[in-house]
Every structure is written in C-alpha cells, then in structure tokens.
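Chemist: My structure is in input12.txt, and what it holds is compact mmCIF, C-alpha atoms and all ligand atoms:
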```
# COMPACT_ATOMS: atom_id res chain seq x y z
CA MET I 1147 -2.75 0.92 24.97
CA THR I 1148 -0.38 -0.28 22.30
CA TRP I 1149 -1.79 -2.75 19.79
CA GLN I 1150 0.77 -5.55 19.59
CA ALA I 1151 1.60 -7.53 16.43
CA THR I 1152 3.81 -10.60 16.91
CA ILE I 1153 4.89 -12.28 13.67
CA LEU I 1154 6.21 -15.83 13.40
CA THR I 1155 8.17 -16.03 10.18
CA LEU I 1156 11.25 -17.48 8.50
CA PHE I 1157 11.92 -13.99 7.11
CA PRO I 1158 11.80 -11.54 10.04
CA GLU I 1159 13.61 -8.91 7.96
CA MET I 1160 10.40 -8.52 5.91
CA PHE I 1161 8.89 -6.63 8.89
CA PRO I 1162 7.85 -3.90 9.42
CA GLY I 1163 8.81 -3.37 5.75
CA PRO I 1164 6.26 -1.06 4.13
CA LEU I 1165 4.47 -0.70 7.50
CA GLY I 1166 7.42 1.40 8.68
CA LEU I 1167 6.37 4.11 6.21
CA SER I 1168 3.42 6.42 5.69
CA LEU I 1169 0.42 6.28 8.02
CA ALA I 1170 1.35 2.96 9.68
CA GLY I 1171 4.98 4.06 10.12
CA LYS I 1172 3.94 7.28 11.83
CA ALA I 1173 1.57 5.35 14.13
CA LEU I 1174 4.41 2.89 14.90
CA ARG I 1175 6.72 5.75 15.92
CA GLU I 1176 3.91 7.23 18.01
CA GLY I 1177 3.54 3.93 19.89
CA ARG I 1178 -0.04 3.28 18.73
CA TRP I 1179 1.06 -0.17 17.67
CA ALA I 1180 4.22 -2.28 18.04
CA ILE I 1181 5.64 -5.17 16.10
CA GLU I 1182 7.95 -8.04 16.97
CA ALA I 1183 9.01 -10.43 14.24
CA MET I 1184 10.20 -13.76 15.67
CA ASP I 1185 12.36 -16.07 13.58
CA ILE I 1186 10.78 -19.54 13.57
CA ARG I 1187 14.22 -20.99 12.91
CA GLY I 1188 15.27 -19.83 16.36
CA PHE I 1189 12.99 -22.53 17.81
CA ALA I 1190 14.56 -25.44 15.94
CA THR I 1191 16.42 -27.85 18.18
CA ASP I 1192 18.88 -29.62 15.87
CA ARG I 1193 22.20 -28.25 14.74
CA HIS I 1194 20.94 -27.68 11.19
CA ARG I 1195 18.06 -25.61 12.61
CA THR I 1196 15.53 -27.68 10.69
CA VAL I 1197 11.98 -26.31 10.62
CA ASP I 1198 10.39 -28.60 8.01
CA ASP I 1199 10.24 -32.20 6.89
CA THR I 1200 8.76 -34.36 4.12
CA PRO I 1201 5.00 -35.01 4.21
CA PHE I 1202 3.74 -38.32 5.59
CA GLY I 1203 1.92 -40.11 2.77
CA GLY I 1204 4.31 -38.70 0.19
CA GLY I 1205 3.92 -35.88 -2.26
CA ALA I 1206 5.75 -32.74 -3.23
CA GLY I 1207 7.14 -30.09 -0.95
CA MET I 1208 7.87 -29.81 2.73
CA VAL I 1209 5.71 -29.38 5.80
CA MET I 1210 6.54 -27.20 8.79
CA ARG I 1211 7.16 -29.31 11.90
CA PRO I 1212 4.64 -29.16 14.76
CA ASP I 1213 7.23 -29.31 17.55
CA VAL I 1214 9.20 -26.35 16.26
CA LEU I 1215 6.05 -24.31 15.56
CA ASP I 1216 4.56 -25.12 18.92
CA ALA I 1217 7.63 -23.78 20.71
CA ALA I 1218 7.45 -20.65 18.53
CA CYS I 1219 3.73 -20.22 19.32
CA GLU I 1220 4.44 -20.60 23.04
CA ALA I 1221 6.99 -17.76 22.93
CA ALA I 1222 4.75 -15.55 20.76
CA THR I 1223 1.72 -16.06 22.99
CA ALA I 1224 3.78 -15.29 26.09
CA ALA I 1225 4.99 -12.08 24.44
CA ASN I 1226 1.46 -11.12 23.33
CA PRO I 1227 -1.01 -12.54 25.88
CA GLY I 1228 -4.68 -12.50 24.95
CA ALA I 1229 -4.05 -11.96 21.23
CA PRO I 1230 -5.62 -14.45 18.81
CA LEU I 1231 -3.27 -16.63 16.77
CA VAL I 1232 -3.90 -16.19 13.04
CA TYR I 1233 -2.35 -18.63 10.57
CA LEU I 1234 -2.25 -17.21 7.06
CA THR I 1235 -3.06 -19.84 4.47
CA PRO I 1236 -5.08 -20.06 1.26
CA ARG I 1237 -7.15 -22.71 3.11
CA GLY I 1238 -8.43 -20.15 5.60
CA ARG I 1239 -11.61 -18.11 5.74
CA LEU I 1240 -11.41 -15.08 3.51
CA LEU I 1241 -10.15 -11.94 5.19
CA ASP I 1242 -12.83 -9.26 5.24
CA GLN I 1243 -13.49 -5.93 6.91
CA ALA I 1244 -15.55 -7.57 9.68
CA LEU I 1245 -12.55 -9.68 10.78
CA VAL I 1246 -10.24 -6.67 10.42
CA ARG I 1247 -12.52 -4.66 12.70
CA GLU I 1248 -12.63 -7.47 15.26
CA LEU I 1249 -8.84 -7.91 15.34
CA SER I 1250 -8.25 -4.17 15.42
CA ALA I 1251 -10.55 -3.79 18.44
CA GLY I 1252 -8.60 -6.40 20.45
CA PRO I 1253 -5.18 -6.29 22.14
CA GLY I 1254 -3.33 -7.26 18.96
CA VAL I 1255 -2.56 -10.38 16.95
CA VAL I 1256 -0.06 -13.20 16.68
CA VAL I 1257 0.43 -14.06 13.00
CA LEU I 1258 1.98 -17.28 11.74
CA CYS I 1259 3.35 -16.98 8.21
CA GLY I 1260 3.54 -20.34 6.52
CA ARG I 1261 6.10 -21.42 3.95
CA TYR I 1262 6.62 -24.67 2.11
CA GLU I 1263 3.50 -26.73 1.45
CA GLY I 1264 1.93 -25.96 4.79
CA VAL I 1265 1.91 -26.55 8.49
CA ASP I 1266 1.36 -29.84 10.32
CA GLN I 1267 -2.38 -29.99 11.03
CA ARG I 1268 -1.91 -31.05 14.66
CA VAL I 1269 -0.32 -27.78 15.76
CA ILE I 1270 -3.03 -25.77 13.96
CA GLU I 1271 -5.62 -27.57 16.08
CA ALA I 1272 -3.63 -27.74 19.32
CA ARG I 1273 -2.98 -23.99 19.22
CA ASN I 1274 -6.53 -23.16 18.19
CA MET I 1275 -5.31 -21.13 15.20
CA VAL I 1276 -7.68 -18.98 13.19
CA GLU I 1277 -6.90 -19.83 9.57
CA VAL I 1278 -7.22 -16.79 7.32
CA SER I 1279 -6.70 -16.33 3.58
CA ALA I 1280 -5.88 -13.01 1.92
CA GLY I 1281 -7.79 -14.03 -1.21
CA ASP I 1282 -8.32 -16.73 -3.77
CA PHE I 1283 -4.76 -16.79 -5.06
CA VAL I 1284 -1.58 -18.45 -3.87
CA LEU I 1285 1.35 -16.47 -2.47
CA SER I 1286 4.82 -17.91 -1.97
CA GLY I 1287 4.34 -17.44 1.76
CA GLY I 1288 2.17 -15.79 4.37
CA GLU I 1289 4.37 -12.68 4.81
CA PRO I 1290 2.74 -10.42 2.17
CA ALA I 1291 -0.66 -11.48 3.52
CA ALA I 1292 0.49 -10.57 7.06
CA LEU I 1293 1.51 -7.12 5.85
CA LEU I 1294 -1.88 -6.49 4.33
CA LEU I 1295 -3.76 -7.86 7.34
CA LEU I 1296 -1.75 -5.59 9.67
CA ASP I 1297 -2.19 -2.56 7.41
CA ALA I 1298 -5.96 -3.01 7.42
CA CYS I 1299 -6.02 -3.32 11.23
CA ILE I 1300 -3.61 -0.47 11.98
CA ARG I 1301 -5.54 2.14 10.04
CA LEU I 1302 -8.57 1.46 12.27
CA LEU I 1303 -6.64 2.02 15.54
CA PRO I 1304 -7.63 5.15 17.48
CA GLY I 1305 -5.73 8.23 16.31
CA VAL I 1306 -4.21 6.62 13.21
CA MET I 1307 -6.51 8.03 10.52
CA GLY I 1308 -6.76 11.80 10.63
CA GLY I 1309 -10.27 12.01 9.21
CA ALA I 1310 -12.33 9.37 10.98
CA ALA I 1311 -15.10 10.05 8.48
CA SER I 1312 -13.02 8.81 5.57
CA ALA I 1313 -12.44 5.49 7.36
CA ALA I 1314 -16.14 5.07 8.00
CA GLU I 1315 -17.35 6.08 4.55
CA GLU I 1316 -15.18 4.19 2.17
CA SER I 1317 -15.60 0.89 0.37
CA HIS I 1318 -16.55 -2.08 2.54
CA GLY I 1319 -17.19 0.39 5.32
CA THR I 1320 -20.07 0.01 7.69
CA ASP I 1321 -22.77 -0.03 5.00
CA GLY I 1322 -20.93 -2.67 2.94
CA LEU I 1323 -21.07 -0.80 -0.37
CA LEU I 1324 -18.20 -0.06 -2.76
CA GLU I 1325 -17.12 3.55 -2.80
CA TYR I 1326 -18.51 6.15 -5.20
CA PRO I 1327 -16.08 7.53 -7.84
CA HIS I 1328 -13.87 10.51 -6.99
CA TYR I 1329 -12.97 13.60 -9.02
CA THR I 1330 -10.66 16.57 -8.47
CA ARG I 1331 -9.33 19.53 -10.50
CA PRO I 1332 -9.22 20.26 -13.35
CA ALA I 1333 -12.99 20.25 -13.85
CA GLU I 1334 -12.39 19.42 -17.51
CA TRP I 1335 -9.55 17.12 -18.51
CA GLN I 1336 -8.90 15.82 -22.04
CA GLY I 1337 -12.45 16.74 -22.96
CA HIS I 1338 -13.99 14.89 -20.00
CA ARG I 1339 -16.01 16.94 -17.57
CA VAL I 1340 -16.60 16.19 -13.92
CA PRO I 1341 -20.29 15.33 -13.25
CA ASP I 1342 -22.17 18.64 -12.92
CA VAL I 1343 -23.77 17.70 -9.61
CA LEU I 1344 -20.34 17.74 -7.92
CA LEU I 1345 -19.85 21.38 -8.95
CA SER I 1346 -23.35 22.41 -7.87
CA GLY I 1347 -22.50 23.10 -4.22
CA HIS I 1348 -25.75 21.33 -3.33
CA HIS I 1349 -24.68 19.00 -0.53
CA ALA I 1350 -27.86 16.90 -0.38
CA GLU I 1351 -27.78 16.39 -4.17
CA VAL I 1352 -24.11 15.40 -3.99
CA ALA I 1353 -24.84 12.91 -1.22
CA ARG I 1354 -27.74 11.43 -3.19
CA TRP I 1355 -25.63 11.11 -6.35
CA ARG I 1356 -22.76 9.47 -4.45
CA ARG I 1357 -25.07 7.00 -2.78
CA ALA I 1358 -26.66 6.06 -6.12
CA GLU I 1359 -23.20 5.62 -7.71
CA ALA I 1360 -22.05 3.46 -4.77
CA GLU I 1361 -25.10 1.26 -5.10
CA ALA I 1362 -24.76 0.98 -8.90
CA ALA I 1363 -21.05 0.07 -8.67
CA THR I 1364 -21.69 -2.54 -5.99
CA ARG I 1365 -24.52 -4.07 -7.97
CA ALA I 1366 -22.49 -4.24 -11.20
CA ARG I 1367 -19.10 -5.25 -9.81
CA ARG I 1368 -19.80 -7.21 -6.66
CA PRO I 1369 -23.10 -9.08 -6.81
CA ASP I 1370 -22.05 -10.91 -3.63
CA LEU I 1371 -21.78 -7.67 -1.63
CA TRP I 1372 -24.94 -6.31 -3.27
CA ASP I 1373 -26.83 -9.39 -2.21
CA GLN I 1374 -25.68 -9.03 1.40
CA PHE I 1375 -26.54 -5.33 1.31
CA THR I 1376 -30.09 -5.82 0.05
CA ARG I 1377 -30.66 -8.59 2.59
CA ARG I 1378 -29.49 -6.34 5.41
CA MET I 1379 -31.70 -3.53 4.20
CA ALA I 1380 -34.70 -5.85 4.03
CA GLU I 1381 -34.06 -6.94 7.62
CA GLN I 1382 -33.86 -3.33 8.83
CA PRO I 1383 -36.75 -1.55 7.10
CA ASN I 1384 -36.01 1.82 8.77
CA THR I 1385 -32.41 1.84 7.65
CA ALA I 1386 -33.51 0.57 4.28
CA LYS I 1387 -35.92 3.46 3.81
CA ALA I 1388 -33.34 5.99 4.91
CA GLY I 1389 -30.74 4.29 2.75
CA ARG I 1390 -32.72 4.39 -0.47
CA LEU I 1391 -32.32 7.49 -2.51
CA ASP I 1392 -34.95 6.93 -5.12
CA GLY I 1393 -37.92 6.65 -2.77
CA HIS I 1394 -38.49 2.98 -3.60
CA PRO I 1395 -38.60 0.38 -0.85
CA ALA I 1396 -35.46 -1.71 -0.41
CA ALA I 1397 -35.02 -4.55 -2.87
CA ALA I 1398 -35.93 -7.96 -1.49
N1 LIG I 1401 -0.11 -18.02 1.85
C1 LIG I 1401 -0.08 -18.36 0.57
N2 LIG I 1401 -1.13 -17.90 -0.09
C2 LIG I 1401 -1.88 -17.21 0.82
C3 LIG I 1401 -3.09 -16.50 0.77
N3 LIG I 1401 -3.80 -16.39 -0.36
N4 LIG I 1401 -3.54 -15.94 1.89
C4 LIG I 1401 -2.87 -16.07 3.05
N5 LIG I 1401 -1.71 -16.72 3.15
C5 LIG I 1401 -1.21 -17.29 2.06
```
Please rewrite the model in this file as structure tokens.
Ligand code: ADE
Modeler:
Amino acid sequence: MTWQATILTLFPEMFPGPLGLSLAGKALREGRWAIEAMDIRGFATDRHRTVDDTPFGGGAGMVMRPDVLDAACEAATAANPGAPLVYLTPRGRLLDQALVRELSAGPGVVVLCGRYEGVDQRVIEARNMVEVSAGDFVLSGGEPAALLLLDACIRLLPGVMGGAASAAEESHGTDGLLEYPHYTRPAEWQGHRVPDVLLSGHHAEVARWRRAEAEAATRARRPDLWDQFTRRMAEQPNTAKAGRLDGHPAAA
C-alpha cells in the first residue's frame, strides 16, 4: 500500500522539493509513498483569497482563519482518510523517533504547515490536530519541518532502505543510544590512525567497542537520552545484562 502524505501549505511548490531526490525520490517513483500538496489559499472564499486576519486581543502578526483552514482540512482528510492530522508548530510536542515510527506504520499523514503568528486555536481543537515541533527553534513556517518529518517517516517504509540493519542500528534506533563513530580508508590520515580494534577482524571485539563508544557518546552528549536508556535497562534486567559490555549490572 502507498503511504500517503497530504500537505496543507501556502507554498505548495516547496513539495516534494528535496524529497524528490535520493532515497525518498526513488521510493516516490516506485510508488512506495505519494504526496499531494494542497494550496490553503484555494479554500479562501473572498475575492482577495484571504487566509489570515489580525489577532483578537491585539498584538503583532496575523493568524490563520479557522473557516478557511477547516475547509482545507476537510478536503485533505477526504483525500487521505484515516491519516492523522499533524500541525507543525513550535508549541507542539517534540518530534522524536517514536512518533516517526508510529506515523510511518500508519496509512500516511496530513500535515498542516503554519505561517504568520499561528493558527486559530478553535480549528486545532475541532480537527483534533496533533501539534508537533521539529525542535526548540523557530522556523519561518512549517514547510521545512514537514520535509524533515516526511523524510524521517519515508526511510522507515518497507523497501525504502536497502540495508534494514542500518536503519535499526543507528542513532535513536531501537536501543535509544547515539551512534558509535565511523571510520573508513585510509587507515592513517594526517597522522591519525583508525582505532586498532576496527582493523583486528575480531567481530565480537568490534561490537563491544562500538557499544561502549555509543554508550559513552550518549552519556556525554545527551544526558536526557542516557537517563531514559539506563531507566529502560533497569526495568528490563535481562536486556540490561545483555546490553552491558563491561560485565557490570545496568546503572540505576
Ligand atoms: N514552525 C515554526 N517553527 C517550527 C518548529 N520549530 N517546528 C515545527 N513547525 C514550526
């Protein structure tokens, strides 16, 4: 079945954009996913095709009108039945791999890209939108966030990634650790040698070294992920034992 992305945007020409190239582009041509970008302006009812208005209560900027957005949502939902409606906004829950996995496993997604100061709260609630943020920074609109959300979902679709193992193993993969560092030829470059263990041909040693590096990087760079990881390991003692490489019990 084709995973369907329906985008509500004021800039439909931004899609598929970079998703028409590389891995996602190939999968698009193969019919593993499909995209329809709908122009929100097409749902305006006045002759100026107005989609926004000034905020009640005053203040800077413009707010996207609920009536126009509701009509756009109706059309998008009809075109993509059963797909959740995601509104991209810095007010949303942070996008993470768990949400990506969930969306990727479903029939597809309807994505509302906001512009101006935001979207009238009533249509967010009436349409049961899932508010999602790409990160703790502010973009000029939801479109770049939509591209990254779709990219993350598409690469998990069946048949898209050649080596399924690489999808499973990498950072924020199923074990929630950052990835270990990578090296390739030449074995010595500008006086820096590749770690000896990687040249040893000893697969178990390599796996142990990589696991230890992944744990060390996560601990140093992402204390939040490390905390979640150690908690999970403590809750699953068998996995924790298997997961530890130094023979010590999992950290509490
Ligand atoms: N729109 C503007 N900033 C955003 C962000 N950080 N995530 C999602 N959508 C946005």
Chemist: Can you work out which residues are within 8 Å of ligand LIG 1401 (chain I), considering all atoms listed in the file, and then hand them over as a ChimeraX atom specification?
Modeler: /I:1233-1238,1259-1261,1278-1292
Chemist: Can you pull out every residue within 10 Å of Met1210 of chain I, counting all atoms listed in the file, but drop anything in the same chain fewer than 6 positions away, and send it as an MDAnalysis selection string?
Modeler: chainID I and resid 1186 1196:1201 1260:1267 1269
Chemist: Just how far from atom CA of Ala1229 of chain I is atom CA of Leu1241 of chain I, in Å to one decimal?
Modeler: 17.2 Å
Chemist: What is the distance, in Å and to one decimal place, between atom CA of Ala1183 of chain I and atom CA of Phe1157 of chain I?
Modeler: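 Between atom CA of Ala1183 of chain I and atom CA of Phe1157 of chain I the gap works out to 8.5 Å.
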Chemist: I'd like the contact shell of Asp1242 of chain I - 9 Å cut-off, all atoms listed in the file, skipping same-chain residues fewer than 3 positions apart - returned as a ChimeraX atom specification.
Modeler: /I:1239,1245-1247,1280,1318
Chemist: Write out as a list in words each polymer residue whose atoms come within 7 Å of segment 1163-1173 of chain I, counting only C-alpha atoms; drop sequence neighbours fewer than 3 positions from it.
Modeler: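 The neighbour list is Met1160, Glu1176, Gly1177, Arg1178, Trp1179, Asp1297, Ile1300, Arg1301 and Val1306 of chain I.
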Chemist: List as a ChimeraX atom specification the protein and nucleic acid residues near Val1352 of chain I, meaning an atom at most 8 Å away when all atoms listed in the file are counted, but skip any in the same chain fewer than 5 places from it.
Modeler: /I:1343-1344,1347
Chemist: Work out how far atom CA of Arg1378 of chain I is from atom CA of Ala1360 of chain I, in Å to one decimal.
Modeler: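 Separating atom CA of Ala1360 of chain I from atom CA of Arg1378 of chain I is a distance of 16.0 Å.
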Chemist: List as a VMD selection string: which residues have an atom within 8 Å of (-6.6, -14.9, 14.4), counting all atoms listed in the file?
Modeler: chain I and resid 1229 to 1233 1249 1255 to 1257 1275 to 1278
Chemist: Please dump the current selection as a PDB file, in the coordinates of the input; keep C-alpha atoms.
Modeler:
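again_27.pdb was written with the following content:
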```
ATOM      1  CA  ALA I1229      -4.050 -11.960  21.230  1.00  0.00           C
ATOM      2  CA  PRO I1230      -5.620 -14.450  18.810  1.00  0.00           C
ATOM      3  CA  LEU I1231      -3.270 -16.630  16.770  1.00  0.00           C
ATOM      4  CA  VAL I1232      -3.900 -16.190  13.040  1.00  0.00           C
ATOM      5  CA  TYR I1233      -2.350 -18.630  10.570  1.00  0.00           C
ATOM      6  CA  LEU I1249      -8.840  -7.910  15.340  1.00  0.00           C
ATOM      7  CA  VAL I1255      -2.560 -10.380  16.950  1.00  0.00           C
ATOM      8  CA  VAL I1256      -0.060 -13.200  16.680  1.00  0.00           C
ATOM      9  CA  VAL I1257       0.430 -14.060  13.000  1.00  0.00           C
ATOM     10  CA  MET I1275      -5.310 -21.130  15.200  1.00  0.00           C
ATOM     11  CA  VAL I1276      -7.680 -18.980  13.190  1.00  0.00           C
ATOM     12  CA  GLU I1277      -6.900 -19.830   9.570  1.00  0.00           C
ATOM     13  CA  VAL I1278      -7.220 -16.790   7.320  1.00  0.00           C
TER      14      VAL I1278
END
```
Chemist: In terms of the shortest atom-to-atom distance over all atoms listed in the file, which of I:Gly1204, I:Asn1226, I:Leu1154, I:Glu1248 is closest to Phe1189 of chain I?
Modeler: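 Closest to Phe1189 of chain I, using all atoms listed in the file: I:Leu1154.
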Chemist: Kindly compute an axis-aligned box around the listed atoms of segment 1330-1341 of chain I, allowing 5 Å on each side, and express its centre and edge lengths in Å to one decimal as JSON.
Modeler:
```
{"center_x": -14.6, "center_y": 17.6, "center_z": -15.7, "size_x": 21.4, "size_y": 15.4, "size_z": 24.5}
```
Chemist: If I only have part of segment 1350-1386 of chain I, can you fill in N, CA and C atoms and write it as a short mmCIF file (atom, residue, chain, number, x, y, z; two decimals), in the frame of the given file?
Modeler:
```cif
data_model
loop_
_atom_site.label_atom_id
_atom_site.label_comp_id
_atom_site.auth_asym_id
_atom_site.auth_seq_id
_atom_site.Cartn_x
_atom_site.Cartn_y
_atom_site.Cartn_z
N ALA I 1350 -26.91 18.03 -0.41
CA ALA I 1350 -27.86 16.90 -0.38
C ALA I 1350 -27.87 16.18 -1.74
N GLU I 1351 -27.82 16.98 -2.81
CA GLU I 1351 -27.78 16.39 -4.17
C GLU I 1351 -26.50 15.57 -4.36
N VAL I 1352 -25.39 16.10 -3.88
CA VAL I 1352 -24.11 15.40 -3.99
C VAL I 1352 -24.19 14.07 -3.25
N ALA I 1353 -24.73 14.13 -2.04
CA ALA I 1353 -24.84 12.91 -1.22
C ALA I 1353 -25.73 11.89 -1.90
N ARG I 1354 -26.82 12.34 -2.50
CA ARG I 1354 -27.74 11.43 -3.19
C ARG I 1354 -27.06 10.79 -4.39
N TRP I 1355 -26.32 11.61 -5.16
CA TRP I 1355 -25.63 11.11 -6.35
C TRP I 1355 -24.57 10.08 -5.95
N ARG I 1356 -23.82 10.39 -4.90
CA ARG I 1356 -22.76 9.47 -4.45
C ARG I 1356 -23.34 8.14 -4.00
N ARG I 1357 -24.44 8.22 -3.26
CA ARG I 1357 -25.07 7.00 -2.78
C ARG I 1357 -25.54 6.14 -3.95
N ALA I 1358 -26.17 6.80 -4.94
CA ALA I 1358 -26.66 6.06 -6.12
C ALA I 1358 -25.51 5.43 -6.88
N GLU I 1359 -24.39 6.15 -7.01
CA GLU I 1359 -23.20 5.62 -7.71
C GLU I 1359 -22.62 4.43 -6.94
N ALA I 1360 -22.59 4.55 -5.60
CA ALA I 1360 -22.05 3.46 -4.77
C ALA I 1360 -22.91 2.21 -4.94
N GLU I 1361 -24.20 2.40 -4.94
CA GLU I 1361 -25.10 1.26 -5.10
C GLU I 1361 -24.94 0.64 -6.49
N ALA I 1362 -24.87 1.50 -7.52
CA ALA I 1362 -24.76 0.98 -8.90
C ALA I 1362 -23.45 0.21 -9.08
N ALA I 1363 -22.36 0.74 -8.52
CA ALA I 1363 -21.05 0.07 -8.67
C ALA I 1363 -21.07 -1.27 -7.95
N THR I 1364 -21.66 -1.30 -6.77
CA THR I 1364 -21.69 -2.54 -5.99
C THR I 1364 -22.50 -3.60 -6.73
N ARG I 1365 -23.63 -3.16 -7.26
CA ARG I 1365 -24.52 -4.07 -7.97
C ARG I 1365 -23.83 -4.67 -9.20
N ALA I 1366 -23.12 -3.80 -9.95
CA ALA I 1366 -22.49 -4.24 -11.20
C ALA I 1366 -21.22 -5.06 -10.95
N ARG I 1367 -20.42 -4.63 -9.96
CA ARG I 1367 -19.10 -5.25 -9.81
C ARG I 1367 -19.04 -6.36 -8.79
N ARG I 1368 -19.88 -6.25 -7.75
CA ARG I 1368 -19.80 -7.21 -6.66
C ARG I 1368 -21.19 -7.70 -6.26
N PRO I 1369 -21.77 -8.56 -7.12
CA PRO I 1369 -23.10 -9.08 -6.81
C PRO I 1369 -23.18 -9.74 -5.43
N ASP I 1370 -22.06 -10.28 -4.96
CA ASP I 1370 -22.05 -10.91 -3.63
C ASP I 1370 -22.29 -9.87 -2.53
N LEU I 1371 -21.60 -8.73 -2.62
CA LEU I 1371 -21.78 -7.67 -1.63
C LEU I 1371 -23.16 -7.04 -1.77
N TRP I 1372 -23.62 -6.90 -3.03
CA TRP I 1372 -24.94 -6.31 -3.27
C TRP I 1372 -26.04 -7.17 -2.65
N ASP I 1373 -25.87 -8.45 -2.78
CA ASP I 1373 -26.83 -9.39 -2.21
C ASP I 1373 -26.89 -9.26 -0.69
N GLN I 1374 -25.73 -9.21 -0.07
CA GLN I 1374 -25.68 -9.03 1.40
C GLN I 1374 -26.32 -7.71 1.80
N PHE I 1375 -26.03 -6.67 1.01
CA PHE I 1375 -26.54 -5.33 1.31
C PHE I 1375 -28.07 -5.30 1.25
N THR I 1376 -28.63 -5.86 0.20
CA THR I 1376 -30.09 -5.82 0.05
C THR I 1376 -30.77 -6.67 1.13
N ARG I 1377 -30.13 -7.77 1.49
CA ARG I 1377 -30.66 -8.59 2.59
C ARG I 1377 -30.70 -7.80 3.89
N ARG I 1378 -29.58 -7.13 4.18
CA ARG I 1378 -29.49 -6.34 5.41
C ARG I 1378 -30.55 -5.25 5.43
N MET I 1379 -30.72 -4.61 4.31
CA MET I 1379 -31.70 -3.53 4.20
C MET I 1379 -33.12 -4.06 4.40
N ALA I 1380 -33.37 -5.25 3.88
CA ALA I 1380 -34.70 -5.85 4.03
C ALA I 1380 -34.98 -6.21 5.48
N GLU I 1381 -33.91 -6.58 6.20
CA GLU I 1381 -34.06 -6.94 7.62
C GLU I 1381 -34.24 -5.72 8.51
N GLN I 1382 -33.79 -4.57 8.02
CA GLN I 1382 -33.86 -3.33 8.83
C GLN I 1382 -34.61 -2.29 8.01
N PRO I 1383 -35.95 -2.40 8.00
CA PRO I 1383 -36.75 -1.55 7.10
C PRO I 1383 -36.48 -0.05 7.30
N ASN I 1384 -36.24 0.39 8.55
CA ASN I 1384 -36.01 1.82 8.77
C ASN I 1384 -34.74 2.30 8.09
N THR I 1385 -33.68 1.52 8.29
CA THR I 1385 -32.41 1.84 7.65
C THR I 1385 -32.59 1.78 6.14
N ALA I 1386 -33.33 0.77 5.71
CA ALA I 1386 -33.51 0.57 4.28
C ALA I 1386 -34.18 1.80 3.66
#
```
